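Novice: Dropping in upload_25.txt, with compact mmCIF, N, CA and C atoms.
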# COMPACT_ATOMS: atom_id res chain seq x y z
N MET A 45 -2.91 4.87 38.82
CA MET A 45 -2.44 4.30 37.58
C MET A 45 -1.42 5.25 36.97
N LEU A 46 -0.38 4.66 36.43
CA LEU A 46 0.64 5.43 35.73
C LEU A 46 0.59 5.02 34.26
N ILE A 47 0.31 5.97 33.38
CA ILE A 47 0.30 5.73 31.95
C ILE A 47 1.42 6.57 31.35
N ASN A 48 2.38 5.90 30.73
CA ASN A 48 3.53 6.60 30.16
C ASN A 48 3.39 6.73 28.65
N LEU A 49 3.41 7.99 28.19
CA LEU A 49 3.38 8.31 26.77
C LEU A 49 4.48 9.31 26.43
N LEU A 50 5.50 9.38 27.26
CA LEU A 50 6.56 10.37 27.09
C LEU A 50 7.44 10.09 25.87
N PRO A 51 8.05 11.14 25.33
CA PRO A 51 9.03 10.93 24.26
C PRO A 51 10.35 10.45 24.87
N ASN A 52 11.19 9.91 24.02
CA ASN A 52 12.51 9.46 24.45
C ASN A 52 13.48 10.64 24.39
N THR A 53 13.79 11.18 25.55
CA THR A 53 14.77 12.27 25.66
C THR A 53 15.74 11.89 26.77
N PRO A 54 16.87 12.59 26.86
CA PRO A 54 17.81 12.28 27.96
C PRO A 54 17.15 12.38 29.34
N GLU A 55 16.17 13.26 29.47
CA GLU A 55 15.50 13.44 30.77
C GLU A 55 14.52 12.32 31.10
N THR A 56 14.06 11.58 30.10
CA THR A 56 13.04 10.55 30.36
C THR A 56 13.60 9.13 30.42
N VAL A 57 14.86 8.94 30.06
CA VAL A 57 15.46 7.60 30.13
C VAL A 57 15.51 7.16 31.59
N GLY A 58 14.92 6.01 31.89
CA GLY A 58 14.92 5.47 33.25
C GLY A 58 13.98 6.17 34.21
N ILE A 59 13.05 6.94 33.69
CA ILE A 59 12.16 7.73 34.56
C ILE A 59 11.22 6.86 35.40
N ILE A 60 10.86 5.68 34.90
CA ILE A 60 10.00 4.78 35.68
C ILE A 60 10.94 3.82 36.39
N ASN A 61 11.32 4.24 37.59
CA ASN A 61 12.31 3.53 38.39
C ASN A 61 11.77 3.31 39.80
N ALA A 62 12.57 2.73 40.66
CA ALA A 62 12.12 2.42 42.03
C ALA A 62 11.63 3.67 42.75
N SER A 63 12.33 4.77 42.58
CA SER A 63 11.94 6.01 43.26
C SER A 63 10.54 6.46 42.84
N LEU A 64 10.28 6.47 41.55
CA LEU A 64 8.96 6.88 41.07
C LEU A 64 7.90 5.86 41.47
N LEU A 65 8.18 4.59 41.29
CA LEU A 65 7.20 3.56 41.63
C LEU A 65 6.82 3.60 43.10
N ASN A 66 7.76 3.92 43.96
CA ASN A 66 7.47 4.00 45.39
C ASN A 66 6.57 5.19 45.74
N GLN A 67 6.47 6.15 44.86
CA GLN A 67 5.61 7.31 45.10
C GLN A 67 4.16 7.05 44.69
N LEU A 68 3.93 5.97 43.97
CA LEU A 68 2.57 5.65 43.52
C LEU A 68 1.76 5.03 44.65
N ARG A 69 0.45 5.08 44.52
CA ARG A 69 -0.42 4.40 45.48
C ARG A 69 -0.19 2.90 45.40
N ASP A 70 -0.35 2.24 46.52
CA ASP A 70 -0.21 0.78 46.54
C ASP A 70 -1.22 0.13 45.59
N ALA A 71 -0.80 -0.97 44.99
CA ALA A 71 -1.63 -1.77 44.11
C ALA A 71 -2.09 -1.00 42.87
N CYS A 72 -1.24 -0.10 42.37
CA CYS A 72 -1.57 0.64 41.17
C CYS A 72 -1.19 -0.18 39.94
N TYR A 73 -1.53 0.32 38.80
CA TYR A 73 -1.17 -0.31 37.53
C TYR A 73 -0.21 0.61 36.77
N VAL A 74 0.67 0.00 35.98
CA VAL A 74 1.62 0.75 35.16
C VAL A 74 1.42 0.34 33.71
N LEU A 75 1.21 1.32 32.85
CA LEU A 75 1.10 1.08 31.41
C LEU A 75 2.20 1.86 30.72
N ASN A 76 3.07 1.17 30.02
CA ASN A 76 4.12 1.84 29.25
C ASN A 76 3.85 1.61 27.77
N LEU A 77 3.44 2.69 27.11
CA LEU A 77 3.11 2.63 25.69
C LEU A 77 4.08 3.48 24.87
N ALA A 78 5.12 3.99 25.52
CA ALA A 78 6.00 4.96 24.87
C ALA A 78 7.29 4.32 24.37
N ARG A 79 8.30 4.30 25.22
CA ARG A 79 9.61 3.76 24.85
C ARG A 79 10.11 2.84 25.96
N GLY A 80 10.81 1.79 25.55
CA GLY A 80 11.31 0.82 26.52
C GLY A 80 12.34 1.38 27.46
N VAL A 81 13.11 2.37 27.01
CA VAL A 81 14.17 2.93 27.87
C VAL A 81 13.62 3.72 29.05
N HIS A 82 12.33 3.97 29.06
CA HIS A 82 11.74 4.70 30.19
C HIS A 82 11.68 3.86 31.46
N VAL A 83 11.55 2.54 31.31
CA VAL A 83 11.30 1.66 32.46
C VAL A 83 12.58 0.92 32.85
N ILE A 84 12.91 1.00 34.12
CA ILE A 84 13.94 0.13 34.68
C ILE A 84 13.22 -1.17 35.03
N GLU A 85 13.36 -2.16 34.17
CA GLU A 85 12.57 -3.37 34.28
C GLU A 85 12.78 -4.11 35.60
N ALA A 86 13.99 -4.12 36.11
CA ALA A 86 14.26 -4.78 37.40
C ALA A 86 13.49 -4.09 38.52
N ASP A 87 13.40 -2.76 38.47
CA ASP A 87 12.66 -2.01 39.49
C ASP A 87 11.17 -2.32 39.39
N LEU A 88 10.66 -2.41 38.17
CA LEU A 88 9.24 -2.74 37.99
C LEU A 88 8.95 -4.14 38.50
N LEU A 89 9.79 -5.10 38.18
CA LEU A 89 9.59 -6.47 38.67
C LEU A 89 9.60 -6.52 40.19
N GLN A 90 10.51 -5.79 40.81
CA GLN A 90 10.56 -5.75 42.27
C GLN A 90 9.28 -5.14 42.84
N ALA A 91 8.77 -4.08 42.22
CA ALA A 91 7.53 -3.44 42.68
C ALA A 91 6.34 -4.39 42.51
N LEU A 92 6.35 -5.18 41.45
CA LEU A 92 5.29 -6.18 41.25
C LEU A 92 5.35 -7.25 42.34
N GLU A 93 6.55 -7.72 42.65
CA GLU A 93 6.72 -8.77 43.66
C GLU A 93 6.31 -8.27 45.05
N ARG A 94 6.57 -7.02 45.34
CA ARG A 94 6.21 -6.44 46.65
C ARG A 94 4.73 -6.10 46.74
N GLY A 95 4.03 -6.08 45.61
CA GLY A 95 2.62 -5.69 45.60
C GLY A 95 2.41 -4.21 45.47
N LYS A 96 3.48 -3.45 45.37
CA LYS A 96 3.36 -2.01 45.17
C LYS A 96 2.63 -1.74 43.86
N VAL A 97 3.00 -2.49 42.83
CA VAL A 97 2.33 -2.43 41.53
C VAL A 97 1.51 -3.70 41.38
N LYS A 98 0.21 -3.53 41.12
CA LYS A 98 -0.67 -4.69 41.00
C LYS A 98 -0.55 -5.36 39.64
N GLY A 99 -0.26 -4.57 38.61
CA GLY A 99 -0.13 -5.13 37.27
C GLY A 99 0.50 -4.13 36.33
N ALA A 100 1.02 -4.65 35.24
CA ALA A 100 1.65 -3.79 34.24
C ALA A 100 1.28 -4.26 32.85
N MET A 101 1.05 -3.31 31.96
CA MET A 101 0.87 -3.60 30.55
C MET A 101 2.03 -2.92 29.83
N LEU A 102 2.81 -3.72 29.12
CA LEU A 102 4.02 -3.21 28.50
C LEU A 102 3.96 -3.44 26.99
N ASP A 103 4.29 -2.40 26.26
CA ASP A 103 4.25 -2.44 24.81
C ASP A 103 5.64 -2.36 24.20
N VAL A 104 6.60 -1.90 25.00
CA VAL A 104 7.97 -1.71 24.54
C VAL A 104 8.93 -2.10 25.66
N PHE A 105 10.18 -2.37 25.28
CA PHE A 105 11.15 -2.87 26.25
C PHE A 105 12.52 -2.26 25.97
N SER A 106 13.37 -2.29 26.99
CA SER A 106 14.71 -1.74 26.82
C SER A 106 15.49 -2.52 25.78
N GLN A 107 15.23 -3.81 25.67
CA GLN A 107 15.84 -4.64 24.63
C GLN A 107 14.73 -5.25 23.80
N GLU A 108 14.74 -4.98 22.52
CA GLU A 108 13.72 -5.53 21.63
C GLU A 108 14.38 -6.29 20.50
N PRO A 109 13.86 -7.46 20.19
CA PRO A 109 12.73 -8.08 20.87
C PRO A 109 13.09 -8.47 22.31
N LEU A 110 12.08 -8.53 23.13
CA LEU A 110 12.28 -8.93 24.52
C LEU A 110 12.84 -10.34 24.55
N PRO A 111 13.99 -10.53 25.22
CA PRO A 111 14.60 -11.87 25.24
C PRO A 111 13.65 -12.93 25.81
N ALA A 112 13.73 -14.12 25.26
CA ALA A 112 12.87 -15.22 25.69
C ALA A 112 13.02 -15.53 27.17
N GLU A 113 14.20 -15.28 27.73
CA GLU A 113 14.43 -15.59 29.14
C GLU A 113 13.97 -14.48 30.10
N SER A 114 13.44 -13.39 29.57
CA SER A 114 12.98 -12.30 30.44
C SER A 114 11.86 -12.78 31.35
N PRO A 115 11.93 -12.48 32.64
CA PRO A 115 10.86 -12.87 33.57
C PRO A 115 9.54 -12.16 33.28
N LEU A 116 9.59 -11.10 32.49
CA LEU A 116 8.35 -10.40 32.16
C LEU A 116 7.39 -11.29 31.37
N TRP A 117 7.91 -12.17 30.52
CA TRP A 117 7.06 -13.04 29.72
C TRP A 117 6.14 -13.91 30.56
N LYS A 118 6.64 -14.39 31.68
CA LYS A 118 5.88 -15.36 32.48
C LYS A 118 5.25 -14.77 33.73
N HIS A 119 5.47 -13.48 33.95
CA HIS A 119 4.92 -12.88 35.17
C HIS A 119 3.40 -12.86 35.09
N PRO A 120 2.72 -13.35 36.12
CA PRO A 120 1.25 -13.46 36.06
C PRO A 120 0.52 -12.12 36.03
N ARG A 121 1.18 -11.03 36.40
CA ARG A 121 0.50 -9.73 36.42
C ARG A 121 1.08 -8.76 35.40
N VAL A 122 1.71 -9.31 34.36
CA VAL A 122 2.25 -8.49 33.27
C VAL A 122 1.58 -8.92 31.97
N ALA A 123 1.01 -7.94 31.29
CA ALA A 123 0.46 -8.17 29.95
C ALA A 123 1.40 -7.53 28.94
N ILE A 124 1.73 -8.26 27.91
CA ILE A 124 2.63 -7.77 26.87
C ILE A 124 1.85 -7.65 25.58
N THR A 125 1.93 -6.47 24.98
CA THR A 125 1.23 -6.22 23.72
C THR A 125 2.25 -5.98 22.61
N PRO A 126 1.89 -6.24 21.36
CA PRO A 126 2.82 -5.98 20.27
C PRO A 126 2.91 -4.48 20.01
N HIS A 127 4.08 -4.02 19.73
CA HIS A 127 4.30 -2.59 19.49
C HIS A 127 3.98 -2.27 18.03
N VAL A 128 2.68 -2.12 17.77
CA VAL A 128 2.20 -1.83 16.42
C VAL A 128 1.27 -0.63 16.53
N ALA A 129 1.71 0.51 16.04
CA ALA A 129 0.89 1.72 16.14
C ALA A 129 -0.33 1.65 15.22
N ALA A 130 -0.12 1.19 14.01
CA ALA A 130 -1.22 1.12 13.05
C ALA A 130 -0.78 0.34 11.82
N VAL A 131 -1.75 -0.10 11.07
CA VAL A 131 -1.48 -0.76 9.81
C VAL A 131 -1.32 0.33 8.75
N THR A 132 -0.27 0.24 7.95
CA THR A 132 -0.06 1.22 6.89
C THR A 132 -0.87 0.80 5.67
N ARG A 133 -1.68 1.73 5.19
CA ARG A 133 -2.45 1.51 3.96
C ARG A 133 -1.70 2.23 2.84
N PRO A 134 -1.14 1.50 1.89
CA PRO A 134 -0.28 2.10 0.87
C PRO A 134 -0.89 3.31 0.15
N ALA A 135 -2.15 3.23 -0.26
CA ALA A 135 -2.77 4.34 -0.99
C ALA A 135 -2.81 5.61 -0.14
N GLN A 136 -3.17 5.48 1.12
CA GLN A 136 -3.21 6.64 2.01
C GLN A 136 -1.81 7.16 2.29
N ALA A 137 -0.85 6.26 2.47
CA ALA A 137 0.52 6.68 2.74
C ALA A 137 1.08 7.46 1.56
N ILE A 138 0.84 7.00 0.34
CA ILE A 138 1.33 7.70 -0.85
C ILE A 138 0.72 9.09 -0.93
N GLU A 139 -0.57 9.20 -0.63
CA GLU A 139 -1.24 10.50 -0.66
C GLU A 139 -0.62 11.47 0.35
N VAL A 140 -0.39 11.01 1.56
CA VAL A 140 0.19 11.86 2.61
C VAL A 140 1.61 12.26 2.25
N ILE A 141 2.40 11.31 1.79
CA ILE A 141 3.79 11.61 1.43
C ILE A 141 3.85 12.59 0.27
N SER A 142 3.02 12.39 -0.75
CA SER A 142 2.99 13.29 -1.91
C SER A 142 2.59 14.70 -1.49
N ARG A 143 1.56 14.81 -0.68
CA ARG A 143 1.09 16.12 -0.21
C ARG A 143 2.19 16.81 0.60
N THR A 144 2.88 16.06 1.45
CA THR A 144 3.94 16.63 2.28
C THR A 144 5.10 17.14 1.43
N ILE A 145 5.48 16.36 0.43
CA ILE A 145 6.57 16.80 -0.46
C ILE A 145 6.19 18.09 -1.17
N LEU A 146 4.96 18.17 -1.68
CA LEU A 146 4.50 19.40 -2.35
C LEU A 146 4.52 20.59 -1.40
N GLN A 147 4.07 20.39 -0.16
CA GLN A 147 4.07 21.48 0.82
C GLN A 147 5.49 21.94 1.11
N LEU A 148 6.41 21.00 1.27
CA LEU A 148 7.80 21.36 1.52
C LEU A 148 8.39 22.12 0.33
N GLU A 149 8.12 21.66 -0.88
CA GLU A 149 8.62 22.34 -2.07
C GLU A 149 8.08 23.76 -2.19
N ARG A 150 6.86 24.00 -1.73
CA ARG A 150 6.24 25.33 -1.78
C ARG A 150 6.64 26.20 -0.58
N GLY A 151 7.36 25.61 0.37
CA GLY A 151 7.73 26.35 1.57
C GLY A 151 6.60 26.49 2.57
N GLU A 152 5.59 25.64 2.43
CA GLU A 152 4.44 25.68 3.34
C GLU A 152 4.72 24.85 4.58
N PRO A 153 4.05 25.17 5.69
CA PRO A 153 4.23 24.34 6.88
C PRO A 153 3.60 22.96 6.68
N VAL A 154 4.21 21.96 7.28
CA VAL A 154 3.68 20.59 7.20
C VAL A 154 3.36 20.10 8.60
N ARG A 155 2.45 19.16 8.67
CA ARG A 155 2.03 18.60 9.95
C ARG A 155 3.01 17.51 10.40
N GLY A 156 3.11 17.33 11.70
CA GLY A 156 3.86 16.21 12.27
C GLY A 156 5.37 16.35 12.23
N GLN A 157 5.87 17.58 12.11
CA GLN A 157 7.31 17.75 12.08
C GLN A 157 7.92 17.50 13.45
N VAL A 158 9.11 16.94 13.45
CA VAL A 158 9.85 16.71 14.68
C VAL A 158 10.67 17.94 15.01
N ASP A 159 10.59 18.39 16.26
CA ASP A 159 11.43 19.49 16.73
C ASP A 159 12.73 18.88 17.24
N ARG A 160 13.80 19.02 16.49
CA ARG A 160 15.05 18.37 16.84
C ARG A 160 15.61 18.90 18.18
N GLN A 161 15.28 20.12 18.55
CA GLN A 161 15.73 20.64 19.85
C GLN A 161 15.03 19.92 21.00
N LEU A 162 13.74 19.64 20.83
CA LEU A 162 12.98 18.93 21.86
C LEU A 162 13.25 17.43 21.82
N GLY A 163 13.56 16.91 20.64
CA GLY A 163 13.82 15.49 20.50
C GLY A 163 12.58 14.69 20.15
N TYR A 164 11.50 15.36 19.81
CA TYR A 164 10.26 14.66 19.41
C TYR A 164 9.40 15.57 18.56
Kindly transcribe the structure held in the file into structure tokens.

Specialist:
Amino acid sequence: MLINLLPNTPETVGIINASLLNQLRDACYVLNLARGVHVIEADLLQALERGKVKGAMLDVFSQEPLPAESPLWKHPRVAITPHVAAVTRPAQAIEVISRTILQLERGEPVRGQVDRQLGY
């Protein structure tokens, strides 16, 4: 099974391609929960047709929304899930945002910062 949770960086764009898929065990599953640009969709479809990949669960796509004519919608071994990380609860969000602003104003470290050099 291949589970993709990688960040979107120049090195990860197109990483799930024919070359990588051919290195997997036959009849494996592919789950992409990260970014749509990671998967070369034509390569994945070909691997599904050949039986190299037994099934795929996809949460994101190179083009969003996924076009109605995409063969992924009707493929019998592809499950498509909505790309929803979580429901935002306004009261909790306000608390987190307020706390973060105060920490930044005090010069304190904050959680969840993005490292712009790494890209995530």

Novice: Taking the DSSP assignment computed from this structure's backbone, write out as a list in words all residues of chain A that belong to strand (DSSP E or B).

Specialist: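 DSSP-assigned strand (DSSP E or B) residues in chain A: Leu46, Ile47, Asn48, Ile60, Cys72, Tyr73, Val74, Leu75, Asn76, Val83, Val97, Lys98, Gly99, Ala100, Met101, Leu102, Val122, Ala123 and Ile124 of chain A.
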
Novice: Between atom CA of A:Gly99 and atom CA of A:Asp70, what is the distance in Å, rounded to a tenth?

Specialist: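 These atoms are spaced 11.0 Å apart.
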
Novice: Show which residues sit within 8 Å of A:Thr144, as a PyMOL selection string. Count all atoms listed in the file, and ignore same-chain residues fewer than 4 positions away.

Specialist: chain A and resi 138-140+148-150+153-155

Novice: Those same residues, written as an mmCIF file, in the frame of the given file with N, CA and C atoms?

Specialist:
data_model
loop_
_atom_site.group_PDB
_atom_site.id
_atom_site.type_symbol
_atom_site.label_atom_id
_atom_site.label_comp_id
_atom_site.auth_asym_id
_atom_site.auth_seq_id
_atom_site.Cartn_x
_atom_site.Cartn_y
_atom_site.Cartn_z
ATOM 1 N N ILE A 138 0.840 7.000 0.340
ATOM 2 C CA ILE A 138 1.330 7.700 -0.850
ATOM 3 C C ILE A 138 0.720 9.090 -0.930
ATOM 4 N N GLU A 139 -0.570 9.200 -0.630
ATOM 5 C CA GLU A 139 -1.240 10.500 -0.660
ATOM 6 C C GLU A 139 -0.620 11.470 0.350
ATOM 7 N N VAL A 140 -0.390 11.010 1.560
ATOM 8 C CA VAL A 140 0.190 11.860 2.610
ATOM 9 C C VAL A 140 1.610 12.260 2.250
ATOM 10 N N LEU A 148 6.410 21.000 1.270
ATOM 11 C CA LEU A 148 7.800 21.360 1.520
ATOM 12 C C LEU A 148 8.390 22.120 0.330
ATOM 13 N N GLU A 149 8.120 21.660 -0.880
ATOM 14 C CA GLU A 149 8.620 22.340 -2.070
ATOM 15 C C GLU A 149 8.080 23.760 -2.190
ATOM 16 N N ARG A 150 6.860 24.000 -1.730
ATOM 17 C CA ARG A 150 6.240 25.330 -1.780
ATOM 18 C C ARG A 150 6.640 26.200 -0.580
ATOM 19 N N PRO A 153 4.050 25.170 5.690
ATOM 20 C CA PRO A 153 4.230 24.340 6.880
ATOM 21 C C PRO A 153 3.600 22.960 6.680
ATOM 22 N N VAL A 154 4.210 21.960 7.280
ATOM 23 C CA VAL A 154 3.680 20.590 7.200
ATOM 24 C C VAL A 154 3.360 20.100 8.600
ATOM 25 N N ARG A 155 2.450 19.160 8.670
ATOM 26 C CA ARG A 155 2.030 18.600 9.950
ATOM 27 C C ARG A 155 3.010 17.510 10.400
#

Novice: Which one is closest to A:Leu75: A:Arg94, A:Arg121, A:Arg133, A:Arg143? Count only C-alpha atoms.

Specialist: A:Arg121

Novice: Counting all atoms listed in the file, which of A:Ala91, A:Leu50, A:Trp117, A:Ala78 gets nearest to A:Asn66?

Specialist: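 Selected residue with least distance to A:Asn66: A:Ala91.
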
Novice: Could you please determine the separation between atom N of A:Leu46 and atom N of A:Gln157 in Å, to one decimal place?

Specialist: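 Atom-to-atom, atom N of A:Leu46 to atom N of A:Gln157, that is 28.2 Å.
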
Novice: Between atom CA of A:Pro51 and atom CA of A:Gly156, what is the spacing in Å?

Specialist: 14.1 Å

Novice: Once DSSP has gone over the backbone, tell me which residues of stretch 62-147 of chain A are in helix (DSSP H, G or I), as JSON, numbers by chain.

Specialist: {"A": [62, 63, 64, 65, 66, 67, 80, 81, 82, 85, 86, 87, 88, 89, 90, 91, 92, 93, 94, 134, 135, 136, 137, 138, 139, 140, 141, 142, 143, 144, 145, 146, 147]}

Novice: Which polymer residues have any atom within 8 Å of an atom of A:Asp103, counting all atoms listed in the file, with same-chain residues fewer than 2 positions away left out, as a list in words?

Specialist: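 The residues that qualify are Leu75, Asn76, Leu77, Ala78, Arg79, Gly80, Ala100, Met101, Phe105, Ala123, Ile124, Thr125, Pro126, His127 and Val128 of chain A.
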
Novice: Emit the selected residues as a CSV table (one decimal), keeping the file's coordinate frame, including N, CA and C atoms.

Specialist:
chain,number,residue,atom,x,y,z
A,75,LEU,N,1.2,1.3,32.8
A,75,LEU,CA,1.1,1.1,31.4
A,75,LEU,C,2.2,1.9,30.7
A,76,ASN,N,3.1,1.2,30.0
A,76,ASN,CA,4.1,1.8,29.2
A,76,ASN,C,3.8,1.6,27.8
A,77,LEU,N,3.4,2.7,27.1
A,77,LEU,CA,3.1,2.6,25.7
A,77,LEU,C,4.1,3.5,24.9
A,78,ALA,N,5.1,4.0,25.5
A,78,ALA,CA,6.0,5.0,24.9
A,78,ALA,C,7.3,4.3,24.4
A,79,ARG,N,8.3,4.3,25.2
A,79,ARG,CA,9.6,3.8,24.8
A,79,ARG,C,10.1,2.8,26.0
A,80,GLY,N,10.8,1.8,25.6
A,80,GLY,CA,11.3,0.8,26.5
A,80,GLY,C,12.3,1.4,27.5
A,100,ALA,N,1.0,-4.6,35.2
A,100,ALA,CA,1.6,-3.8,34.2
A,100,ALA,C,1.3,-4.3,32.8
A,101,MET,N,1.0,-3.3,32.0
A,101,MET,CA,0.9,-3.6,30.6
A,101,MET,C,2.0,-2.9,29.8
A,105,PHE,N,10.2,-2.4,25.3
A,105,PHE,CA,11.2,-2.9,26.2
A,105,PHE,C,12.5,-2.3,26.0
A,123,ALA,N,1.0,-7.9,31.3
A,123,ALA,CA,0.5,-8.2,30.0
A,123,ALA,C,1.4,-7.5,28.9
A,124,ILE,N,1.7,-8.3,27.9
A,124,ILE,CA,2.6,-7.8,26.9
A,124,ILE,C,1.8,-7.6,25.6
A,125,THR,N,1.9,-6.5,25.0
A,125,THR,CA,1.2,-6.2,23.7
A,125,THR,C,2.2,-6.0,22.6
A,126,PRO,N,1.9,-6.2,21.4
A,126,PRO,CA,2.8,-6.0,20.3
A,126,PRO,C,2.9,-4.5,20.0
A,127,HIS,N,4.1,-4.0,19.7
A,127,HIS,CA,4.3,-2.6,19.5
A,127,HIS,C,4.0,-2.3,18.0
A,128,VAL,N,2.7,-2.1,17.8
A,128,VAL,CA,2.2,-1.8,16.4
A,128,VAL,C,1.3,-0.6,16.5
